[in-house]
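Source file: my_file-v4.txt. Holds: compact mmCIF, C-alpha atoms and all ligand atoms.
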# COMPACT_ATOMS: atom_id res chain seq x y z
CA MET A 1 95.20 -20.19 143.15
CA ILE A 2 92.18 -22.30 142.30
CA ASP A 3 88.98 -20.38 143.04
CA TYR A 4 86.64 -23.17 144.18
CA VAL A 5 83.58 -20.91 144.33
CA LYS A 6 84.08 -19.80 140.73
CA LEU A 7 84.43 -23.42 139.62
CA ASN A 8 81.31 -24.44 141.57
CA SER A 9 79.34 -21.78 139.75
CA LEU A 10 80.19 -23.47 136.47
CA GLY A 11 78.79 -26.85 137.49
CA ILE A 12 81.78 -28.52 139.15
CA LYS A 13 80.66 -30.12 142.40
CA LYS A 14 84.02 -31.20 143.83
CA VAL A 15 87.61 -30.23 143.24
CA LEU A 16 90.65 -32.25 144.21
CA TYR A 17 93.97 -30.43 143.85
CA VAL A 18 97.22 -32.29 144.44
CA ASP A 19 100.77 -30.96 144.19
CA SER A 20 101.95 -34.11 142.54
CA THR A 21 100.47 -37.44 141.38
CA GLU A 22 101.24 -40.16 138.85
CA SER A 23 98.43 -39.19 136.51
CA THR A 24 95.24 -37.21 137.12
CA ASN A 25 93.31 -39.79 135.09
CA SER A 26 94.52 -42.57 137.42
CA LEU A 27 93.68 -40.50 140.48
CA ALA A 28 90.26 -39.66 139.03
CA LYS A 29 89.53 -43.39 138.59
CA ILE A 30 89.66 -43.79 142.37
CA HIS A 31 86.91 -41.16 142.57
CA SER A 32 84.89 -42.41 139.64
CA GLU A 33 81.72 -42.73 141.73
CA GLU A 34 81.67 -38.93 141.79
CA ASP A 35 80.12 -36.83 139.07
CA ASP A 36 81.17 -33.37 137.92
CA MET A 37 84.39 -33.66 139.86
CA LEU A 38 87.63 -32.01 138.83
CA VAL A 39 91.04 -33.48 139.62
CA VAL A 40 93.95 -31.07 139.07
CA ALA A 41 97.66 -31.69 139.63
CA GLY A 42 100.58 -29.30 139.82
CA HIS A 43 102.72 -32.11 138.52
CA GLN A 44 102.30 -35.57 137.00
CA ILE A 45 105.18 -37.95 137.40
CA ALA A 46 103.74 -40.54 135.01
CA GLY A 47 101.31 -38.64 132.78
CA LYS A 48 99.56 -40.88 130.28
CA GLY A 49 98.87 -40.52 126.58
CA ARG A 50 96.90 -42.94 124.43
CA PHE A 51 98.10 -46.54 123.94
CA ASN A 52 100.43 -46.41 126.94
CA ARG A 53 102.33 -43.46 125.60
CA LYS A 54 103.54 -40.78 127.97
CA TRP A 55 102.48 -37.19 128.55
CA VAL A 56 105.51 -35.23 129.72
CA SER A 57 105.18 -32.03 131.73
CA GLU A 58 107.10 -29.91 134.20
CA LYS A 59 105.77 -28.99 137.61
CA ASP A 60 103.35 -26.04 137.61
CA MET A 61 104.12 -25.22 133.99
CA GLY A 62 100.90 -26.35 132.42
CA VAL A 63 97.38 -27.69 132.74
CA THR A 64 97.10 -31.31 133.84
CA LEU A 65 93.56 -32.14 134.89
CA SER A 66 90.78 -34.70 134.60
CA ILE A 67 87.04 -34.15 134.63
CA ILE A 68 84.82 -36.94 135.96
CA LYS A 69 81.44 -36.68 134.29
CA SER A 70 78.54 -38.85 133.09
CA PHE A 71 77.33 -38.60 129.52
CA ASN A 72 74.53 -40.32 127.70
CA VAL A 73 76.20 -40.91 124.35
CA GLU A 74 75.95 -43.53 121.64
CA LEU A 75 79.54 -43.22 120.45
CA PRO A 76 81.87 -42.74 123.43
CA HIS A 77 84.83 -41.71 121.30
CA LEU A 78 82.95 -38.57 120.23
CA LEU A 79 83.73 -37.21 123.70
CA ASN A 80 87.33 -36.89 122.51
CA PHE A 81 86.15 -34.67 119.69
CA TYR A 82 84.11 -32.58 122.12
CA ALA A 83 87.03 -32.18 124.52
CA SER A 84 89.57 -31.35 121.82
CA TYR A 85 87.21 -28.82 120.25
CA ILE A 86 86.67 -27.21 123.68
CA VAL A 87 90.42 -26.98 124.36
CA GLN A 88 91.09 -25.44 120.96
CA ARG A 89 88.24 -22.95 121.39
CA THR A 90 89.48 -22.02 124.88
CA LEU A 91 93.01 -21.34 123.67
CA LYS A 92 91.78 -19.43 120.64
CA GLU A 93 89.53 -17.14 122.68
CA TYR A 94 92.00 -16.76 125.55
CA ILE A 95 94.78 -15.63 123.21
CA PHE A 96 92.38 -13.41 121.27
CA ASN A 97 91.33 -11.70 124.50
CA ILE A 98 94.96 -10.96 125.34
CA PHE A 99 96.39 -10.00 121.95
CA GLY A 100 93.29 -9.24 119.88
CA THR A 101 94.60 -11.38 117.06
CA ASP A 102 96.33 -14.61 116.10
CA GLN A 103 93.66 -17.08 117.03
CA ASP A 104 93.99 -19.07 113.81
CA VAL A 105 97.26 -20.63 114.88
CA PHE A 106 95.33 -23.18 116.97
CA ARG A 107 94.10 -26.07 114.84
CA LEU A 108 92.69 -29.50 115.56
CA LYS A 109 94.48 -32.59 114.37
CA TRP A 110 92.69 -35.94 114.13
CA PRO A 111 91.87 -37.61 116.37
CA ASN A 112 92.36 -35.31 119.36
CA ASP A 113 95.47 -33.17 119.28
CA ILE A 114 95.53 -29.42 119.46
CA LEU A 115 98.27 -27.80 117.41
CA LEU A 116 99.85 -24.39 117.77
CA GLY A 117 101.27 -23.81 114.32
CA LYS A 118 102.67 -27.19 113.34
CA LYS A 119 103.38 -28.48 116.85
CA LYS A 120 101.29 -30.05 119.58
CA VAL A 121 100.29 -27.74 122.43
CA ALA A 122 97.63 -29.92 124.07
CA GLY A 123 96.33 -33.47 124.14
CA ILE A 124 93.28 -35.36 125.37
CA LEU A 125 92.96 -38.77 126.97
CA SER A 126 89.37 -39.67 127.70
CA GLU A 127 88.56 -43.00 129.30
CA VAL A 128 85.17 -44.63 129.78
CA MET A 129 84.60 -46.31 133.13
CA ARG A 130 81.66 -48.64 132.56
CA ILE A 131 81.25 -49.05 128.83
CA ASN A 132 78.04 -51.08 129.05
CA GLU A 133 76.11 -48.62 131.18
CA ASN A 134 74.36 -45.54 129.96
CA PRO A 135 74.83 -42.80 131.01
CA ARG A 136 78.49 -43.72 130.93
CA LYS A 137 81.03 -42.31 133.30
CA PHE A 138 83.91 -40.59 131.55
CA ILE A 139 87.29 -39.45 132.78
CA ILE A 140 88.39 -36.72 130.46
CA GLY A 141 92.09 -35.95 130.86
CA ILE A 142 93.41 -32.72 129.41
CA GLY A 143 97.03 -31.62 129.18
CA ILE A 144 98.01 -28.15 127.92
CA ASN A 145 101.58 -26.87 127.65
CA VAL A 146 101.54 -23.35 129.05
CA ASN A 147 104.80 -21.97 130.49
CA GLN A 148 107.19 -24.82 129.81
CA GLU A 149 110.32 -23.52 128.06
CA SER A 150 111.64 -26.72 126.53
CA PHE A 151 110.81 -30.40 126.08
CA PRO A 152 112.89 -33.58 126.22
CA GLU A 153 114.78 -34.21 123.02
CA GLU A 154 112.55 -37.07 121.85
CA ILE A 155 109.54 -34.76 121.57
CA SER A 156 111.19 -31.37 121.06
CA GLU A 157 110.42 -31.48 117.33
CA LYS A 158 106.72 -31.92 117.90
CA ALA A 159 105.84 -30.25 121.23
CA ILE A 160 105.33 -26.56 121.94
CA SER A 161 104.00 -24.41 124.78
CA LEU A 162 102.19 -21.08 124.73
CA LYS A 163 105.29 -19.49 126.22
CA MET A 164 107.59 -20.87 123.53
CA HIS A 165 105.34 -19.33 120.89
CA TYR A 166 104.33 -16.01 122.51
CA ARG A 167 107.49 -15.45 124.59
CA ARG A 168 105.67 -14.56 127.79
CA ASP A 169 104.10 -16.30 130.77
CA PHE A 170 100.39 -17.05 131.06
CA SER A 171 98.23 -17.82 134.06
CA VAL A 172 97.64 -21.58 134.28
CA TYR A 173 94.63 -20.92 136.54
CA ASP A 174 93.00 -18.49 134.13
CA ILE A 175 93.33 -21.11 131.42
CA ILE A 176 91.85 -23.80 133.68
CA TYR A 177 88.91 -21.54 134.53
CA ASN A 178 88.31 -20.57 130.88
CA LEU A 179 88.56 -24.22 129.86
CA LEU A 180 85.98 -25.39 132.37
CA ASN A 181 83.74 -22.48 131.51
CA GLN A 182 83.80 -23.51 127.83
CA PHE A 183 83.41 -27.18 128.75
CA TYR A 184 80.27 -26.60 130.83
CA SER A 185 78.77 -23.91 128.56
CA ASN A 186 78.78 -26.01 125.41
CA LEU A 187 77.58 -29.38 126.72
CA SER A 188 74.58 -29.35 124.37
CA LEU A 189 77.04 -30.05 121.53
CA VAL A 190 77.62 -33.53 122.92
CA GLY A 191 74.06 -34.43 121.86
CA GLN A 192 74.39 -32.66 118.49
CA THR A 193 76.93 -34.74 116.66
CA ASP A 194 76.40 -33.05 113.27
CA ILE A 195 77.08 -29.58 114.65
CA LEU A 196 79.95 -30.73 116.85
CA MET A 197 81.69 -32.49 113.98
CA GLU A 198 81.11 -29.57 111.61
CA LEU A 199 82.72 -27.23 114.15
CA TRP A 200 85.54 -29.71 114.60
CA ARG A 201 86.12 -29.89 110.82
CA LEU A 202 86.00 -26.10 110.45
CA ASN A 203 88.75 -25.77 113.04
CA SER A 204 90.93 -28.56 111.73
CA ASP A 205 91.90 -27.77 108.16
CA ILE A 206 93.22 -31.26 107.49
CA VAL A 207 91.11 -32.43 104.54
CA GLY A 208 93.22 -32.71 101.40
CA LYS A 209 96.47 -32.97 103.33
CA LEU A 210 99.02 -35.67 102.56
CA VAL A 211 99.80 -37.80 105.57
CA THR A 212 101.58 -40.83 106.84
CA PHE A 213 99.12 -43.00 108.74
CA ARG A 214 100.03 -45.43 111.48
CA ILE A 215 97.62 -47.67 113.33
CA ASN A 216 98.26 -47.08 117.02
CA ASN A 217 101.68 -48.35 118.01
CA GLU A 218 102.14 -50.66 115.05
CA ASN A 219 105.29 -50.22 113.02
CA ASP A 220 103.56 -50.40 109.65
CA SER A 221 102.67 -47.08 108.16
CA PHE A 222 101.39 -45.91 104.79
CA LYS A 223 100.91 -42.70 102.92
CA GLY A 224 97.69 -41.19 101.66
CA LYS A 225 95.46 -38.15 101.33
CA ILE A 226 92.76 -37.21 103.83
CA ILE A 227 89.37 -37.21 102.12
CA GLU A 228 87.01 -36.58 105.01
CA ILE A 229 86.39 -36.67 108.75
CA SER A 230 82.95 -38.24 109.09
CA ASN A 231 80.32 -37.47 111.67
CA ASP A 232 81.10 -40.70 113.52
CA GLY A 233 84.69 -39.51 114.01
CA GLY A 234 86.23 -41.77 111.38
CA ILE A 235 88.95 -40.54 109.04
CA LYS A 236 88.74 -41.42 105.33
CA ILE A 237 92.10 -41.72 103.65
CA GLU A 238 92.82 -42.31 99.98
CA LEU A 239 95.83 -44.57 100.09
CA SER A 240 98.70 -43.91 97.71
CA ASP A 241 99.27 -47.43 96.41
CA ASN A 242 100.66 -46.59 92.97
CA SER A 243 97.63 -48.05 91.19
CA ASN A 244 95.11 -46.06 89.19
CA SER A 245 92.13 -47.35 91.15
CA LYS A 246 91.06 -45.34 94.17
CA ASN A 247 91.63 -47.13 97.43
CA ILE A 248 89.79 -45.30 100.22
CA SER A 249 89.75 -46.65 103.77
CA THR A 250 88.13 -45.36 106.95
CA PHE A 251 89.91 -45.57 110.31
CA TYR A 252 88.62 -44.93 113.80
CA THR A 253 91.89 -45.12 115.64
CA GLY A 254 95.49 -44.39 114.74
CA GLU A 255 97.78 -41.47 114.19
CA ILE A 256 98.51 -39.16 111.29
CA SER A 257 101.69 -37.20 110.57
CA PHE A 258 101.49 -34.47 107.98
CA ILE A 259 103.87 -34.62 105.02
CA TYR A 260 104.86 -30.99 104.56
C1 LIG A 301 97.74 -37.51 124.25
O1 LIG A 301 98.11 -38.78 123.92
O2 LIG A 301 98.03 -36.51 123.63
C2 LIG A 301 96.95 -37.44 125.53
C3 LIG A 301 97.54 -36.51 126.54
C4 LIG A 301 96.67 -36.39 127.75
C5 LIG A 301 97.40 -35.78 128.89
C6 LIG A 301 96.49 -35.51 130.05
S1 LIG A 301 97.28 -34.62 131.30
C7 LIG A 301 95.98 -34.92 132.39
C8 LIG A 301 95.51 -36.34 132.16
N1 LIG A 301 96.23 -37.27 132.98
C9 LIG A 301 97.01 -38.08 132.24
O3 LIG A 301 97.76 -38.95 132.71
N2 LIG A 301 96.86 -37.79 130.94
C10 LIG A 301 95.90 -36.74 130.73
P1 LIG A 301 98.76 -39.21 122.53
O4 LIG A 301 97.91 -38.73 121.39
O5 LIG A 301 99.01 -40.66 122.65
O6 LIG A 301 100.11 -38.40 122.49
C11 LIG A 301 101.20 -38.78 123.28
C12 LIG A 301 102.44 -38.40 122.50
O7 LIG A 301 102.58 -36.97 122.48
C13 LIG A 301 103.73 -38.91 123.16
O8 LIG A 301 104.06 -40.18 122.69
C14 LIG A 301 104.74 -37.85 122.73
O9 LIG A 301 105.20 -38.11 121.42
C15 LIG A 301 103.92 -36.58 122.67
N3 LIG A 301 103.97 -35.80 123.90
C16 LIG A 301 104.22 -36.20 125.18
N4 LIG A 301 104.14 -35.18 126.04
C17 LIG A 301 103.84 -34.09 125.28
C18 LIG A 301 103.64 -32.72 125.58
N5 LIG A 301 103.69 -32.23 126.82
N6 LIG A 301 103.33 -31.88 124.54
C19 LIG A 301 103.24 -32.33 123.28
N7 LIG A 301 103.44 -33.61 122.94
C20 LIG A 301 103.73 -34.49 123.92

As structure tokens, what does this structure read like?
Ligand code: BT5
Amino acid sequence: MIDYVKLNSLGIKKVLYVDSTESTNSLAKIHSEEDDMLVVAGHQIAGKGRFNRKWVSEKDMGVTLSIIKSFNVELPHLLNFYASYIVQRTLKEYIFNIFGTDQDVFRLKWPNDILLGKKKVAGILSEVMRINENPRKFIIGIGINVNQESFPEEISEKAISLKMHYRRDFSVYDIIYNLLNQFYSNLSLVGQTDILMELWRLNSDIVGKLVTFRINNENDSFKGKIIEISNDGGIKIELSDNSNSKNISTFYTGEISFIY
């Protein structure tokens, strides 16, 4: 059960729990006048990913929540890096506290995926409500696969849950509490881009990797090597174009797939 008093003590002012909704981000938008409000669902029937993609989850088997919060930030997309770092740190520490080991299996993948081994265990969808105002109101949607035992065929190669990896159940509510505790305890990082991005890089281990890069939902893709994740969140890729000259491009949006 959600312990509202415990959540209040962290800084959350309001909590809305629903058994089922289309998407917690969509529900949170209706409440976007609120600040420090948490919207949690037992089930999402139309969970959203980026670029109109879907987030698939089974009822009560994972974390599906959105945090409504104002931030005074120059680069709104850095909130994605904050949220993904917080999710990875939560999972790492939560698992370490249970097993005393194994926390290195959680890694960050640009721009905002959390991997368990080579597969995705959590994702972030943060949306800005009024882009031209500052502080801006953000809706930070977080999905974590906890006790789900399988995924639909189209994503079974790339999705994983804690249960599929550790072969036991975990408490979704403990994870939600730990997540919000980390989220509210580390807010100073949002104003310290250099430190945030250094922590993000340290927990990502993607520099030097060979990848296929695709810009959003476009069909075109190309291969290259990751050179750097810069402090503004951009990814620098050296494109493999068969010429001897170095062709390095920076991208701020898109998707990478590792070539193993
Ligand atoms: C994301 O998008 O990873 C953002 C996911 C955010 C979900 C949360 S849940 C609470 C809140 N309310 C919402 O409606 N959304 C947020 P993206 O990087 O675009 O990845 C989406 C892709 O991941 C899909 O196209 C699938 O390939 C894959 N996918 C879908 N469901 C998945 C799952 N449960 N686990 C791992 N991968 C999944």

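Shortest atom-to-atom contact with Tyr177 of chain A among A:Met61, A:Ile140, A:Leu75, A:Val87: A:Val87, counting all atoms listed in the file.
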
request  = Could you pull out the residues sitting within 6 Å of ligand LIG 301 (chain A), using all atoms listed in the file, and write them as a ChimeraX atom specification?
outcome  = /A:23-25,47-50,53-57,64-66,120-121,123-125,141-143,145,155,159

Put those residues in a file: C-alpha atoms, as a CSV table (one decimal), in the coordinates of the input.
chain,number,residue,atom,x,y,z
A,23,SER,CA,98.4,-39.2,136.5
A,24,THR,CA,95.2,-37.2,137.1
A,25,ASN,CA,93.3,-39.8,135.1
A,47,GLY,CA,101.3,-38.6,132.8
A,48,LYS,CA,99.6,-40.9,130.3
A,49,GLY,CA,98.9,-40.5,126.6
A,50,ARG,CA,96.9,-42.9,124.4
A,53,ARG,CA,102.3,-43.5,125.6
A,54,LYS,CA,103.5,-40.8,128.0
A,55,TRP,CA,102.5,-37.2,128.6
A,56,VAL,CA,105.5,-35.2,129.7
A,57,SER,CA,105.2,-32.0,131.7
A,64,THR,CA,97.1,-31.3,133.8
A,65,LEU,CA,93.6,-32.1,134.9
A,66,SER,CA,90.8,-34.7,134.6
A,120,LYS,CA,101.3,-30.0,119.6
A,121,VAL,CA,100.3,-27.7,122.4
A,123,GLY,CA,96.3,-33.5,124.1
A,124,ILE,CA,93.3,-35.4,125.4
A,125,LEU,CA,93.0,-38.8,127.0
A,141,GLY,CA,92.1,-36.0,130.9
A,142,ILE,CA,93.4,-32.7,129.4
A,143,GLY,CA,97.0,-31.6,129.2
A,145,ASN,CA,101.6,-26.9,127.6
A,155,ILE,CA,109.5,-34.8,121.6
A,159,ALA,CA,105.8,-30.2,121.2

task = Select, counting all atoms listed in the file, all protein, DNA and RNA residues no farther than 12 Å from (75.9, -47.9, 131.6) in file coordinates, and express the selection as a ChimeraX atom specification.
result = /A:70-74,76,128-138

request  = May I have the residues within 12 Å of Asp220 of chain A as a PyMOL selection string, using all atoms listed in the file and disregarding those fewer than 6 positions away in the same chain?
outcome  = chain A and resi 212-214+254-255

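Counting all atoms listed in the file, the residue from A:Phe151, A:Lys59, A:Leu16, A:Gly208 that sits nearest to Ala28 of chain A is A:Leu16.
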
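Among A:Asn219, A:Asn147, A:Gln182, A:Ser32, the residue with the shortest atom-to-atom distance to Asp60 of chain A, counting all atoms listed in the file, is A:Asn147.
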
For segment 94-105 of chain A, I'd like the enclosing box, axis-aligned and padded by 6 Å on every side, reported as lines of an AutoDock Vina configuration file with centre and edge lengths in Å to one decimal.
center_x = 94.3
center_y = -14.9
center_z = 119.7
size_x = 17.9
size_y = 23.4
size_z = 23.7

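Of the listed residues (A:Gly191, A:Leu10, A:Ile259, A:Ser185), A:Ile259 comes nearest to Leu210 of chain A; the distances count all atoms listed in the file.
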
message = Need to verify the contact set: Phe99 of chain A, 12 Å, all atoms listed in the file, exclusion of same-chain residues closer than 6 positions in sequence. Can you return it as a PyMOL selection string?
response = chain A and resi 91-93+166+168

For those residues, write C-alpha atoms to a file as a tab-separated table (two decimals), in the frame of the given file.
chain	number	residue	atom	x	y	z
A	91	LEU	CA	93.01	-21.34	123.67
A	92	LYS	CA	91.78	-19.43	120.64
A	93	GLU	CA	89.53	-17.14	122.68
A	166	TYR	CA	104.33	-16.01	122.51
A	168	ARG	CA	105.67	-14.56	127.79

How close does segment 51-141 of chain A get to segment 230-252 of chain A? List, as a tab-separated table, each residue of segment 51-141 of chain A within 9 Å, its nearest atom pair and the distance in Å to one decimal, counting all atoms listed in the file.
residue	atom	partner	partner_atom	distance
A:Leu75	CA	A:Asp232	CA	7.5
A:His77	CA	A:Gly233	CA	7.6
A:Leu78	CA	A:Gly233	CA	6.5
A:Phe81	CA	A:Gly233	CA	7.6
A:Trp110	CA	A:Ile235	CA	7.8
A:Pro111	CA	A:Gly233	CA	7.8

request  = Give the answer as one residue: which of A:Tyr260, A:Asp174, A:Lys119, A:Phe222 has the shortest atom-to-atom distance to Met1 of chain A, using all atoms listed in the file?
outcome  = A:Asp174

message = Here is a test: counting all atoms listed in the file, which residue of A:Leu116, A:Asp194, A:Gly62, A:Ile176 is nearest to Tyr4 of chain A?
response = A:Ile176

query = Interatomic distance between atom CA of Tyr82 of chain A and atom CA of Gln192 of chain A?
reply = 10.4 Å

ask   = At a cut-off of 9 Å from (96.5, -35.0, 104.1) in the coordinates of the file, what residues are picked up using only C-alpha atoms, written as a PyMOL selection string?
value = chain A and resi 206-212+223-227+237+256-259

Selection file, C-alpha atoms, as a CSV table (one decimal), in the coordinates of the input:
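Result went into again.csv, see below:
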chain,number,residue,atom,x,y,z
A,206,ILE,CA,93.2,-31.3,107.5
A,207,VAL,CA,91.1,-32.4,104.5
A,208,GLY,CA,93.2,-32.7,101.4
A,209,LYS,CA,96.5,-33.0,103.3
A,210,LEU,CA,99.0,-35.7,102.6
A,211,VAL,CA,99.8,-37.8,105.6
A,212,THR,CA,101.6,-40.8,106.8
A,223,LYS,CA,100.9,-42.7,102.9
A,224,GLY,CA,97.7,-41.2,101.7
A,225,LYS,CA,95.5,-38.2,101.3
A,226,ILE,CA,92.8,-37.2,103.8
A,227,ILE,CA,89.4,-37.2,102.1
A,237,ILE,CA,92.1,-41.7,103.6
A,256,ILE,CA,98.5,-39.2,111.3
A,257,SER,CA,101.7,-37.2,110.6
A,258,PHE,CA,101.5,-34.5,108.0
A,259,ILE,CA,103.9,-34.6,105.0

Coordinates-based distance that separates atom CA of Asp113 of chain A from atom CA of Arg201 of chain A (Å, one decimal) = 13.0 Å

request  = Write out as an MDAnalysis selection string the residues lying within 10 Å of Asp169 of chain A, counting all atoms listed in the file and excluding same-chain residues fewer than 6 positions away.
outcome  = chainID A and resid 61 146:149 162:163

Residues within 7 Å of Asp19 of chain A, only C-alpha atoms, excluding chain neighbours under 3 positions, as a PDB file with C-alpha atoms, in the frame of the given file:
ATOM      1  CA  ALA A  41      97.660 -31.690 139.630  1.00  0.00           C
ATOM      2  CA  GLY A  42     100.580 -29.300 139.820  1.00  0.00           C
ATOM      3  CA  HIS A  43     102.720 -32.110 138.520  1.00  0.00           C
TER       4      HIS A  43
END
